[in-house]
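Shown next, in structure tokens, is the structure this report addresses.
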Amino acid sequence: MCQFSEIQVSAKPTDANLKSHISNIELIGSQEPLVHTIYKIAHEMLCKCPGKGDLHTRTMALFDLLGNYGWAAKVVLVLAGFATSYGEFCLIMQLRPQIPLAVSLADFKQLPSNISMLKPQVKALRLLVKTMVDLTKCIIEFEGLPAVLVGPNIENIAATKSEIYVTTYWIIRSTLACSSQITNLKAMKPEQVYSNIIIAAWELLSLDYRLSSIYSHLRQLVDAFRQQTEAKLHQKLLNLFKESHIDNQEVLQMLFALKDDLPLKDCPTQVKLGVSELKSKVVLLLVSKPDLLPLEQLFFLVHQTYDHPHEKVEGSYEMIWVPISCSETWTDAEEKWFNFLSNSTPCYSVRQPWSLNSAVINFMKQEWSYGDEAIMVVLDSEGMITNLNALDMVFIWGSEAYPFSLSRENELWEREQWTMQLITNEIHPILTQWVEEGRNICIYGSENLDWIREFSAETKEIKDAGVQLEMIYVGMNNPNEHVKDLLTTINTEIHSTLLSFTKVQLFWLRLESMRRSKFRLGHTASTDHILAEVLALLYNNDDNGWAVFGNGSSADIVRVQGGEIIKCLNLFRQWGENVAQLEFIGALRTVLEPPLLGGPCNHTQVIPYSEALIEGSIVCQKCKRLMKKFTIYE
């Protein structure tokens, strides 16, 4: 027996953007739920006696029923009403050869028993339905274009709208014809089946030919109109970002609110928002793929921007997540990621990112250089771009980077020095406390367990001698499962590991952010000490490992390679006596660098005030003599 494998019913259209426009169906002056309207349409199709009116009269009756809806909404609702009978018919025909229940339903509905004879009619029906769906997508696409704000040629709009009206009529008329044919199958006598099916198939194919011709012409009109509007929108955006404004509203309207007055949502509460909520605020546009960021980076981003905001900037800025699909249409997996993350993060988000205008997306890719990596574009309170990517700033300084402009980034780097405070800022609260207390801290990394054991044994002897020293293991750049295993071993055998594997990842993330920030600002390792130290850690190729010693906000930082530091620590009994006078870091330098010279130092070095500097000595980096300390006031 022939199986109707050709009859396929799709749960959703192939164009993922279609649903965004359907969900925004234009409704004027009616509070009736859509499901009631669809039920009325289905009832009108199935229960209206064909003898009481020709197809034209019945089509106009459906137009009267749909008077409150826009043209795209009319065809979507009519297709939804038709789908109730068409979907049932297809399922019965598909399942009849296999499932007894389908056989019973077919008999109950008095459908012909020889389904192989129905094949010409069913095939014509399937072709016509596909053409109707394609035309509907075309109409939806046209109505989704920002014609009002962009203002293309009025004659082109009028011509296309006229074609839309005719197309809508023929789609509705065709659904009535299809519905009538499905209904007529139930009343067909066996001797009438063959002749009636040939006539029915011819009628459907004639309608399909007419609609296919309409589609070919309408597709050209819509494509030309879309290209025109997208080109004008792109140019309008370019002009907007060159002009000065009194606030950010026009820019945000053009980016997000071309067709929707409430294009945003507050993720924690799911409340719909308009762009007016962002007036007079600095806006951080976090543009990314639908899966946003790796979870550890996402948690750190939330920590840096929302968990510990500075009181003076709290409420002065908002972050908006702008997810962009990796392809032209959104996949189910991307939509699931978006729904999960937009319900979990504390920021604002585009409410229906699949409805973003393609011209806006292309603008972000071309003018903002958005690729696969997330970026954070900063708009000031007047809508001007002040930074094309402030994400690294946020990872390094958090809300202290407000207002997140490029000039602020330069300002922050000008005041920074290579200190433990910069290296470890906000990674772990206990580590932050140790830095504030001015404790001696050793950050070390290696993937060689034997070296780690030997190094830890040497530092334990130093600590047993009364020297305060906190040990922090951070693995190596791009930490892997081996580093995770080493953390477990160190915590079990050697010393308590303050940082978890996630925190270790954040340590390297911040260093990588420093590297990108410095390079973006045009710095080089030959002239920038901080960048040189960052690169030395990121690209350390020592098979043993490395260690960095420092304390508090002091710029007196010592970085040593794995083999050298073991030799140095072995000689602790020789240089340990200098710890009392020079403190630990200064005493360590006496072994690693040439011995201190006698006589006074004539060099000057201004460093930020720290209580840890009140006591102890400072060694001049140039002449290796002890420096005298003075306090100056700004």
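FYI, nothing fancy with the structure tokens labels: chains A, B, ... in order, residues from 1 per chain, ligands from 1 as they appear.
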Practice item. Extract, using only C-alpha atoms, all DNA, RNA and protein residues at most 10 Å from region 433-450 of chain A, discarding same-chain residues fewer than 6 positions from it, and format them as JSON, numbers by chain. Key: {"A": [419, 420, 421, 422, 423, 424, 425, 426, 456, 459, 467, 468, 469, 470, 471, 472, 473, 474, 475, 476, 477, 479, 480, 482, 483, 485, 486, 489, 490, 537, 540, 541, 542, 543, 544, 545, 546, 547, 548, 549, 550, 551, 552, 553, 554, 558, 559, 560, 561, 562, 583, 584, 585, 610, 611, 612, 613]}
Residues from the last selection, C-alpha atoms, saved as a short mmCIF file (atom, residue, chain, number, x, y, z; two decimals), in the first residue's frame:
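What ended up in result.cif:
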data_model
loop_
_atom_site.label_atom_id
_atom_site.label_comp_id
_atom_site.auth_asym_id
_atom_site.auth_seq_id
_atom_site.Cartn_x
_atom_site.Cartn_y
_atom_site.Cartn_z
CA THR A 419 51.98 45.56 41.69
CA MET A 420 50.33 42.63 43.41
CA GLN A 421 47.22 44.75 43.62
CA LEU A 422 47.02 45.03 39.82
CA ILE A 423 47.89 41.36 39.25
CA THR A 424 45.30 39.94 41.65
CA ASN A 425 42.57 42.59 41.82
CA GLU A 426 39.12 41.15 42.72
CA SER A 456 57.17 24.32 48.11
CA THR A 459 59.50 28.06 50.77
CA VAL A 467 59.20 34.89 57.33
CA GLN A 468 55.57 35.64 56.48
CA LEU A 469 54.85 34.38 52.94
CA GLU A 470 51.53 33.43 51.32
CA MET A 471 51.68 30.88 48.49
CA ILE A 472 49.30 31.05 45.50
CA TYR A 473 49.40 28.43 42.73
CA VAL A 474 48.01 29.55 39.33
CA GLY A 475 49.16 26.85 36.92
CA MET A 476 50.10 28.05 33.44
CA ASN A 477 48.39 30.04 30.70
CA PRO A 479 44.94 25.99 32.24
CA ASN A 480 43.81 22.48 31.37
CA HIS A 482 46.29 18.62 34.21
CA VAL A 483 46.35 21.92 36.11
CA ASP A 485 44.61 17.67 38.89
CA LEU A 486 47.69 19.52 40.17
CA THR A 489 47.41 17.26 44.58
CA ILE A 490 48.83 20.52 45.95
CA LEU A 537 53.91 35.39 32.34
CA ASN A 540 56.58 31.56 29.84
CA ASN A 541 58.20 28.45 28.33
CA ASP A 542 60.26 27.31 31.32
CA ASP A 543 59.81 23.56 31.74
CA ASN A 544 60.01 23.93 35.51
CA GLY A 545 57.97 26.99 36.30
CA TRP A 546 58.20 30.55 37.56
CA ALA A 547 57.44 32.62 40.64
CA VAL A 548 56.49 36.26 41.29
CA PHE A 549 57.07 37.79 44.74
CA GLY A 550 55.56 41.05 45.94
CA ASN A 551 53.49 42.71 48.62
CA GLY A 552 50.54 45.08 48.72
CA SER A 553 50.57 48.03 46.35
CA SER A 554 54.37 48.15 46.25
CA VAL A 558 60.44 40.12 41.69
CA ARG A 559 59.84 37.57 38.92
CA VAL A 560 62.14 34.54 38.81
CA GLN A 561 62.32 31.48 36.54
CA GLY A 562 61.93 28.02 38.06
CA GLU A 583 62.26 43.02 54.19
CA PHE A 584 61.76 39.80 52.30
CA ILE A 585 61.52 41.19 48.74
CA SER A 610 50.93 52.55 51.22
CA GLU A 611 51.08 51.83 54.95
CA ALA A 612 53.38 48.94 54.13
CA LEU A 613 56.02 51.47 52.96
#
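Omitting Phe572 (chain A) and its sequence neighbours fewer than 6 positions away, and counting only C-alpha atoms, the residues within 12 Å are Glu458, Thr459, Lys460, Glu461, Ile462, Lys463, Asp464, Ala465, Val467, Ile565, Ile566, Asn578, Val579, Phe584, Ala587, Leu588, Arg589, Thr590, Val591 and Leu592 of chain A.
For region 502-629 of chain A, the set of residues given strand (DSSP E or B) by DSSP on the backbone reads Trp546, Ala547, Val548, Phe549, Gly550, Asn551, Val558, Arg559, Val560, Gln561, Ile618, Val619, Leu626 and Met627 of chain A.
Within 10 Å of Asp528 (chain A), once only C-alpha atoms are used and residues closer than 5 positions along the same chain are dropped, the contacting residues are Lys518, His523 and Glu533 of chain A.
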Atom pair CA of Val504 (chain A) + CA of Arg516 (chain A), distance 18.8 Å
Here CA of Glu593 (chain A) and CA of Thr524 (chain A) stand apart by 25.2 Å
If you run DSSP on this backbone, which residues of region 190-388 of chain A come out as alpha helix (DSSP H), and could you give them as a short mmCIF file (atom, residue, chain, number, x, y, z; two decimals) with N, CA and C atoms, in the first residue's frame?
data_model
loop_
_atom_site.label_atom_id
_atom_site.label_comp_id
_atom_site.auth_asym_id
_atom_site.auth_seq_id
_atom_site.Cartn_x
_atom_site.Cartn_y
_atom_site.Cartn_z
N VAL A 193 -14.35 9.00 -7.30
CA VAL A 193 -13.03 9.35 -6.78
C VAL A 193 -12.06 9.76 -7.86
N TYR A 194 -11.88 8.93 -8.87
CA TYR A 194 -10.82 9.18 -9.87
C TYR A 194 -11.07 10.48 -10.63
N SER A 195 -12.28 10.65 -11.18
CA SER A 195 -12.57 11.85 -11.99
C SER A 195 -12.52 13.11 -11.15
N ASN A 196 -13.07 13.04 -9.93
CA ASN A 196 -13.07 14.22 -9.06
C ASN A 196 -11.66 14.62 -8.63
N ILE A 197 -10.82 13.61 -8.40
CA ILE A 197 -9.45 13.91 -7.96
C ILE A 197 -8.66 14.59 -9.07
N ILE A 198 -8.84 14.17 -10.30
CA ILE A 198 -8.14 14.80 -11.42
C ILE A 198 -8.59 16.26 -11.55
N ILE A 199 -9.88 16.51 -11.42
CA ILE A 199 -10.39 17.88 -11.52
C ILE A 199 -9.86 18.72 -10.36
N ALA A 200 -9.86 18.12 -9.14
CA ALA A 200 -9.39 18.84 -7.96
C ALA A 200 -7.91 19.18 -8.06
N ALA A 201 -7.11 18.20 -8.53
CA ALA A 201 -5.68 18.45 -8.68
C ALA A 201 -5.41 19.56 -9.70
N TRP A 202 -6.20 19.54 -10.79
CA TRP A 202 -6.02 20.61 -11.81
C TRP A 202 -6.34 21.97 -11.22
N GLU A 203 -7.40 22.05 -10.41
CA GLU A 203 -7.78 23.33 -9.78
C GLU A 203 -6.67 23.83 -8.85
N LEU A 204 -6.11 22.92 -8.06
CA LEU A 204 -5.04 23.31 -7.13
C LEU A 204 -3.78 23.73 -7.87
N LEU A 205 -3.45 23.00 -8.93
CA LEU A 205 -2.25 23.35 -9.70
C LEU A 205 -2.41 24.69 -10.40
N SER A 206 -3.64 25.00 -10.82
CA SER A 206 -3.89 26.31 -11.44
C SER A 206 -3.69 27.43 -10.43
N LEU A 207 -4.19 27.21 -9.20
CA LEU A 207 -3.97 28.20 -8.15
C LEU A 207 -2.49 28.33 -7.80
N ASP A 208 -1.79 27.19 -7.79
CA ASP A 208 -0.36 27.23 -7.48
C ASP A 208 0.41 27.99 -8.55
N TYR A 209 0.01 27.80 -9.81
CA TYR A 209 0.67 28.53 -10.91
C TYR A 209 0.47 30.03 -10.74
N ARG A 210 -0.77 30.43 -10.42
CA ARG A 210 -1.07 31.86 -10.23
C ARG A 210 -0.25 32.42 -9.06
N LEU A 211 -0.25 31.70 -7.93
CA LEU A 211 0.46 32.19 -6.75
C LEU A 211 1.97 32.19 -6.96
N SER A 212 2.48 31.21 -7.71
CA SER A 212 3.92 31.18 -8.00
C SER A 212 4.34 32.38 -8.83
N SER A 213 3.50 32.77 -9.77
CA SER A 213 3.79 33.97 -10.58
C SER A 213 3.77 35.22 -9.70
N ILE A 214 2.79 35.29 -8.80
CA ILE A 214 2.72 36.42 -7.88
C ILE A 214 3.96 36.45 -6.99
N TYR A 215 4.37 35.26 -6.52
CA TYR A 215 5.55 35.18 -5.64
C TYR A 215 6.81 35.67 -6.35
N SER A 216 6.99 35.26 -7.58
CA SER A 216 8.18 35.67 -8.33
C SER A 216 8.27 37.19 -8.43
N HIS A 217 7.14 37.83 -8.73
CA HIS A 217 7.14 39.29 -8.85
C HIS A 217 7.28 39.97 -7.48
N LEU A 218 6.54 39.46 -6.48
CA LEU A 218 6.59 40.07 -5.14
C LEU A 218 7.97 39.91 -4.52
N ARG A 219 8.60 38.75 -4.75
CA ARG A 219 9.94 38.52 -4.20
C ARG A 219 10.93 39.56 -4.70
N GLN A 220 10.83 39.90 -5.99
CA GLN A 220 11.71 40.92 -6.56
C GLN A 220 11.46 42.28 -5.94
N LEU A 221 10.18 42.61 -5.76
CA LEU A 221 9.84 43.91 -5.15
C LEU A 221 10.34 44.00 -3.71
N VAL A 222 10.12 42.95 -2.94
CA VAL A 222 10.52 42.96 -1.52
C VAL A 222 12.04 42.99 -1.40
N ASP A 223 12.74 42.20 -2.23
CA ASP A 223 14.20 42.19 -2.19
C ASP A 223 14.77 43.57 -2.50
N ALA A 224 14.21 44.20 -3.54
CA ALA A 224 14.69 45.54 -3.91
C ALA A 224 14.40 46.54 -2.79
N PHE A 225 13.22 46.42 -2.20
CA PHE A 225 12.84 47.33 -1.11
C PHE A 225 13.73 47.10 0.11
N ARG A 226 14.01 45.81 0.42
CA ARG A 226 14.87 45.50 1.57
C ARG A 226 16.28 46.04 1.37
N GLN A 227 16.84 45.83 0.19
CA GLN A 227 18.18 46.34 -0.08
C GLN A 227 18.24 47.86 0.04
N GLN A 228 17.18 48.52 -0.43
CA GLN A 228 17.13 49.98 -0.35
C GLN A 228 17.05 50.46 1.10
N THR A 229 16.17 49.83 1.88
CA THR A 229 16.02 50.26 3.26
C THR A 229 17.27 49.95 4.09
N GLU A 230 17.89 48.79 3.82
CA GLU A 230 19.08 48.44 4.58
C GLU A 230 20.24 49.38 4.27
N ALA A 231 20.38 49.75 3.00
CA ALA A 231 21.44 50.69 2.63
C ALA A 231 21.22 52.04 3.29
N LYS A 232 19.96 52.50 3.30
CA LYS A 232 19.66 53.81 3.91
C LYS A 232 19.79 53.75 5.43
N LEU A 233 19.40 52.62 6.01
CA LEU A 233 19.54 52.49 7.46
C LEU A 233 21.01 52.47 7.86
N HIS A 234 21.82 51.76 7.09
CA HIS A 234 23.27 51.73 7.37
C HIS A 234 23.85 53.14 7.31
N GLN A 235 23.48 53.89 6.28
CA GLN A 235 23.99 55.25 6.15
C GLN A 235 23.47 56.15 7.26
N LYS A 236 22.22 55.94 7.64
CA LYS A 236 21.63 56.75 8.71
C LYS A 236 22.36 56.49 10.03
N LEU A 237 22.70 55.23 10.29
CA LEU A 237 23.45 54.91 11.50
C LEU A 237 24.84 55.56 11.47
N LEU A 238 25.48 55.49 10.31
CA LEU A 238 26.79 56.15 10.19
C LEU A 238 26.69 57.63 10.50
N ASN A 239 25.67 58.28 9.96
CA ASN A 239 25.50 59.72 10.20
C ASN A 239 25.16 60.01 11.66
N LEU A 240 24.33 59.14 12.27
CA LEU A 240 23.94 59.37 13.66
C LEU A 240 25.14 59.37 14.59
N GLN A 249 18.66 58.81 22.94
CA GLN A 249 17.41 58.17 22.54
C GLN A 249 17.30 57.88 21.03
N GLU A 250 17.70 58.83 20.19
CA GLU A 250 17.58 58.62 18.75
C GLU A 250 18.48 57.46 18.29
N VAL A 251 19.68 57.40 18.85
CA VAL A 251 20.60 56.33 18.48
C VAL A 251 20.04 54.97 18.91
N LEU A 252 19.55 54.87 20.14
CA LEU A 252 19.03 53.60 20.64
C LEU A 252 17.74 53.20 19.91
N GLN A 253 16.93 54.19 19.56
CA GLN A 253 15.72 53.91 18.77
C GLN A 253 16.09 53.29 17.44
N MET A 254 17.10 53.85 16.80
CA MET A 254 17.49 53.36 15.48
C MET A 254 18.10 51.96 15.57
N LEU A 255 18.79 51.66 16.64
CA LEU A 255 19.41 50.35 16.80
C LEU A 255 18.40 49.26 17.16
N PHE A 256 17.46 49.58 18.05
CA PHE A 256 16.64 48.52 18.63
C PHE A 256 15.14 48.69 18.47
N LEU A 295 31.20 30.31 31.03
CA LEU A 295 30.51 30.60 32.28
C LEU A 295 31.40 31.30 33.30
N GLU A 296 32.70 30.89 33.40
CA GLU A 296 33.56 31.53 34.39
C GLU A 296 33.78 33.00 34.04
N GLN A 297 33.85 33.33 32.74
CA GLN A 297 34.01 34.72 32.33
C GLN A 297 32.72 35.50 32.58
N LEU A 298 31.58 34.85 32.34
CA LEU A 298 30.30 35.51 32.58
C LEU A 298 30.12 35.84 34.06
N PHE A 299 30.44 34.89 34.94
CA PHE A 299 30.32 35.13 36.38
C PHE A 299 31.24 36.28 36.81
N PHE A 300 32.45 36.31 36.25
CA PHE A 300 33.39 37.37 36.61
C PHE A 300 32.91 38.72 36.10
N LEU A 301 32.32 38.73 34.90
CA LEU A 301 31.78 39.97 34.35
C LEU A 301 30.66 40.51 35.24
N VAL A 302 29.78 39.62 35.67
CA VAL A 302 28.70 40.04 36.59
C VAL A 302 29.29 40.54 37.89
N ASP A 332 17.52 26.23 17.17
CA ASP A 332 16.87 25.90 18.44
C ASP A 332 17.86 25.96 19.60
N ALA A 333 19.09 25.48 19.36
CA ALA A 333 20.11 25.49 20.42
C ALA A 333 20.45 26.92 20.82
N GLU A 334 20.57 27.81 19.84
CA GLU A 334 20.88 29.21 20.15
C GLU A 334 19.75 29.86 20.94
N GLU A 335 18.52 29.55 20.55
CA GLU A 335 17.38 30.13 21.27
C GLU A 335 17.32 29.62 22.71
N LYS A 336 17.65 28.34 22.91
CA LYS A 336 17.65 27.79 24.28
C LYS A 336 18.73 28.47 25.13
N TRP A 337 19.91 28.67 24.54
CA TRP A 337 20.97 29.36 25.28
C TRP A 337 20.52 30.77 25.66
N PHE A 338 19.92 31.47 24.70
CA PHE A 338 19.48 32.83 24.98
C PHE A 338 18.43 32.85 26.10
N ASN A 339 17.44 31.98 26.01
CA ASN A 339 16.39 31.96 27.04
C ASN A 339 16.96 31.64 28.41
N PHE A 340 17.91 30.70 28.46
CA PHE A 340 18.52 30.34 29.75
C PHE A 340 19.32 31.50 30.33
N LEU A 341 20.20 32.08 29.51
CA LEU A 341 21.09 33.12 30.02
C LEU A 341 20.34 34.42 30.28
N SER A 342 19.35 34.74 29.45
CA SER A 342 18.61 36.00 29.66
C SER A 342 17.69 35.90 30.87
N SER A 358 18.53 43.23 9.95
CA SER A 358 19.79 42.71 9.40
C SER A 358 20.77 43.84 9.10
N ALA A 359 20.25 45.03 8.79
CA ALA A 359 21.14 46.17 8.54
C ALA A 359 21.86 46.58 9.82
N VAL A 360 21.17 46.50 10.96
CA VAL A 360 21.79 46.82 12.24
C VAL A 360 22.88 45.80 12.57
N ILE A 361 22.59 44.52 12.32
CA ILE A 361 23.57 43.47 12.58
C ILE A 361 24.80 43.66 11.70
N ASN A 362 24.57 43.93 10.40
CA ASN A 362 25.69 44.14 9.48
C ASN A 362 26.49 45.38 9.88
N PHE A 363 25.81 46.40 10.39
CA PHE A 363 26.50 47.61 10.85
C PHE A 363 27.44 47.27 12.00
N MET A 364 26.95 46.47 12.95
CA MET A 364 27.79 46.08 14.08
C MET A 364 29.01 45.27 13.62
N LYS A 365 28.81 44.41 12.64
CA LYS A 365 29.91 43.59 12.14
C LYS A 365 30.93 44.43 11.38
N GLN A 366 30.44 45.36 10.55
CA GLN A 366 31.35 46.12 9.69
C GLN A 366 31.99 47.29 10.41
N GLU A 367 31.18 48.08 11.11
CA GLU A 367 31.68 49.32 11.71
C GLU A 367 32.26 49.10 13.10
#
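Among the candidate residues A:Leu258, A:Ala457, A:Leu66, A:Val35, the one lying nearest to Pro146 (chain A) is A:Leu258, with distances computed using only C-alpha atoms.
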Min atom-atom distance to Lys567 (chain A) from the set A:Asp247, A:Leu77, A:Glu454, A:Thr131, counting only C-alpha atoms, belongs to A:Glu454
Determine, counting only C-alpha atoms, which protein, DNA and RNA residues have an atom within 6 Å of an atom of Leu264 (chain A); residues of the same chain fewer than 6 positions away are not included. Present the result as number ranges by chain.
-> A: 272-273, 349-351
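Nearest to Trp413 (chain A) of all the residues A:Gln605, A:Ser517, A:Gln121, A:Ser316 is A:Ser517, counting only C-alpha atoms.
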A straight line from CA of Gln352 (chain A) to CA of Lys259 (chain A) spans 11.5 Å
Quick one: everything within 6 Å of region 278-287 of chain A, counting only C-alpha atoms, minus sequence neighbours fewer than 2 positions away in the same chain. Send it as a ChimeraX atom specification. /A:275-276,316-323,374-381
### Message
I want to know what sits within 9 Å of Ser244 (chain A), based on only C-alpha atoms, with residues of the same chain fewer than 6 positions away left out; could you give that as a VMD selection string?
### Response
chain A and resid 382 to 384
